[in-house]
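Below is one structure; the comments refer to it alone.
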Amino acid sequence: GGERATLRGFLDYHRATLAMKCAGLSDEDLRARSMPPSTLSLLGLVRHMAEVERAWFRRAIGGEHDLPLVWSDAGDYQVAYDARGATRSAAFAAWEHEVERSRAIEAAAASLDVVALQPRWGEEVSLRLVMVHVLLEYARHNGHADLLREGVDGTVGA
């Protein structure tokens, strides 16, 4: 495939990897923190990636600039990481909803050269930049997910 199909494929691969790292775990396991006082957990990563999908696809490319964050009306991106009271069902429902919206926005765009305002940066960004940025977010956080999952039950790989 071309550039767009490649970016789409890698995004979907990393989305699936995050889901796989969380598969088969209880809510309690998903909330297990890496190293207190850090709030980093698998469930926190799922919640954070819902924010990432929303911020970059809906708020930037989709033009929904006034759309609040999923987990914080005050615009605090750190709130998503604190999953102490969160559940798998709520976190995954939000994340899966944002992923589907992101896919629809990307599919509707005429090309990777579509440009829109990223309100947080105050700059225009292309769909290409958004896809690469979100891909990098997943890659980075899937590395965290590898370590978190191993810490929960020893599962490693893929």
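Residue numbering restarts at 1 in every chain; chains get A, B, ... in the order shown in the structure tokens, and ligands count up from 1 in that same order.
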Polymer residues at most 7 Å from stretch 12-18 of chain A, only C-alpha atoms, same-chain spacing of 2 or more positions, as a VMD selection string: chain A and resid 8 to 10 20 to 22 138 to 139 142
Convert the current residue selection to file output with N, CA, C and O atoms, as a PDB file, in the first residue's frame.
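Saved file part.pdb follows:
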ATOM      1  N   ARG A   8      -2.128   3.957   8.368  1.00  0.00           N
ATOM      2  CA  ARG A   8      -3.354   3.372   8.917  1.00  0.00           C
ATOM      3  C   ARG A   8      -3.076   1.975   9.470  1.00  0.00           C
ATOM      4  O   ARG A   8      -3.532   1.624  10.565  1.00  0.00           O
ATOM      5  N   GLY A   9      -2.324   1.181   8.748  1.00  0.00           N
ATOM      6  CA  GLY A   9      -2.011  -0.174   9.178  1.00  0.00           C
ATOM      7  C   GLY A   9      -1.202  -0.203  10.468  1.00  0.00           C
ATOM      8  O   GLY A   9      -1.477  -1.005  11.367  1.00  0.00           O
ATOM      9  N   PHE A  10      -0.191   0.667  10.561  1.00  0.00           N
ATOM     10  CA  PHE A  10       0.608   0.700  11.781  1.00  0.00           C
ATOM     11  C   PHE A  10      -0.193   1.231  12.966  1.00  0.00           C
ATOM     12  O   PHE A  10      -0.033   0.748  14.090  1.00  0.00           O
ATOM     13  N   MET A  20      -4.365  -6.094  23.290  1.00  0.00           N
ATOM     14  CA  MET A  20      -3.821  -7.407  23.603  1.00  0.00           C
ATOM     15  C   MET A  20      -3.090  -7.402  24.941  1.00  0.00           C
ATOM     16  O   MET A  20      -3.199  -8.356  25.721  1.00  0.00           O
ATOM     17  N   LYS A  21      -2.372  -6.333  25.242  1.00  0.00           N
ATOM     18  CA  LYS A  21      -1.640  -6.245  26.506  1.00  0.00           C
ATOM     19  C   LYS A  21      -2.592  -6.231  27.697  1.00  0.00           C
ATOM     20  O   LYS A  21      -2.206  -6.582  28.808  1.00  0.00           O
ATOM     21  N   CYS A  22      -3.828  -5.837  27.465  1.00  0.00           N
ATOM     22  CA  CYS A  22      -4.820  -5.764  28.539  1.00  0.00           C
ATOM     23  C   CYS A  22      -5.724  -6.997  28.597  1.00  0.00           C
ATOM     24  O   CYS A  22      -6.489  -7.156  29.557  1.00  0.00           O
ATOM     25  N   TYR A 138       1.300   5.741  20.560  1.00  0.00           N
ATOM     26  CA  TYR A 138       1.022   4.321  20.809  1.00  0.00           C
ATOM     27  C   TYR A 138       2.310   3.533  20.991  1.00  0.00           C
ATOM     28  O   TYR A 138       2.409   2.705  21.904  1.00  0.00           O
ATOM     29  N   ALA A 139       3.287   3.758  20.126  1.00  0.00           N
ATOM     30  CA  ALA A 139       4.538   3.000  20.216  1.00  0.00           C
ATOM     31  C   ALA A 139       5.197   3.217  21.569  1.00  0.00           C
ATOM     32  O   ALA A 139       5.642   2.263  22.221  1.00  0.00           O
ATOM     33  N   ASN A 142       2.962   1.601  24.301  1.00  0.00           N
ATOM     34  CA  ASN A 142       2.952   0.142  24.245  1.00  0.00           C
ATOM     35  C   ASN A 142       4.227  -0.431  24.860  1.00  0.00           C
ATOM     36  O   ASN A 142       4.206  -1.543  25.391  1.00  0.00           O
TER      37      ASN A 142
END
Spatial neighbours of A:Ser102, 8 Å, only C-alpha atoms, chain gap at least 4 places, as a list in words: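 Those residues are Glu53, Arg54, Phe57, Arg58, Glu98 and Glu106 of chain A.
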Interface rows for stretch 99-139 of chain A against stretch 64-68 of chain A: nearest pair, Å to one decimal, 9 Å, only C-alpha atoms, as CSV:
residue,atom,partner,partner_atom,distance
A:Leu117,CA,A:His65,CA,8.5
A:Gln118,CA,A:His65,CA,8.2
A:Pro119,CA,A:His65,CA,6.4
A:Leu42 surroundings by only C-alpha atoms, 12 Å radius, close-in-sequence under 3 positions cut, as a ChimeraX atom specification: /A:17-23,25-34,39,45-49,80-84,86-88,91-92,141-152
According to DSSP computed on the backbone, where in stretch 68-154 of chain A is there strand (DSSP E or B)? Give the residues as number ranges by chain. A: 115-118, 123-126
So which residues of chain A fall under alpha helix (DSSP H) by DSSP, listed as an NGL selection string? :A and (3-22 or 27-30 or 42-53 or 88-108 or 127-153)
How far is it from atom CA of A:Trp71 to atom CA of A:Glu51, in Å with one decimal?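 Distance between the two atoms: 7.8 Å.
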Nearest to A:Ala116, chosen from A:Leu7, A:Ala50, A:Val130, A:Leu69, with only C-alpha atoms counted in the distances: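 Among the listed residues, A:Val130 lies closest to A:Ala116.
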Which neighbours of A:Met131 fall inside 8 Å, counting only C-alpha atoms, when residues of the same chain fewer than 3 positions from it are skipped, and could you give them as an MDAnalysis selection string? chainID A and resid 7:8 11 127:128 134:135
Using only C-alpha atoms, which of A:Ala74, A:Leu43, A:Ala104, A:Val115 sits nearest A:Ala90?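 So, comparing all the options, the nearest one is A:Leu43.
For the pair atom CA of A:Ile61 and atom CA of A:Ser89, the separation is 27.3 Å.
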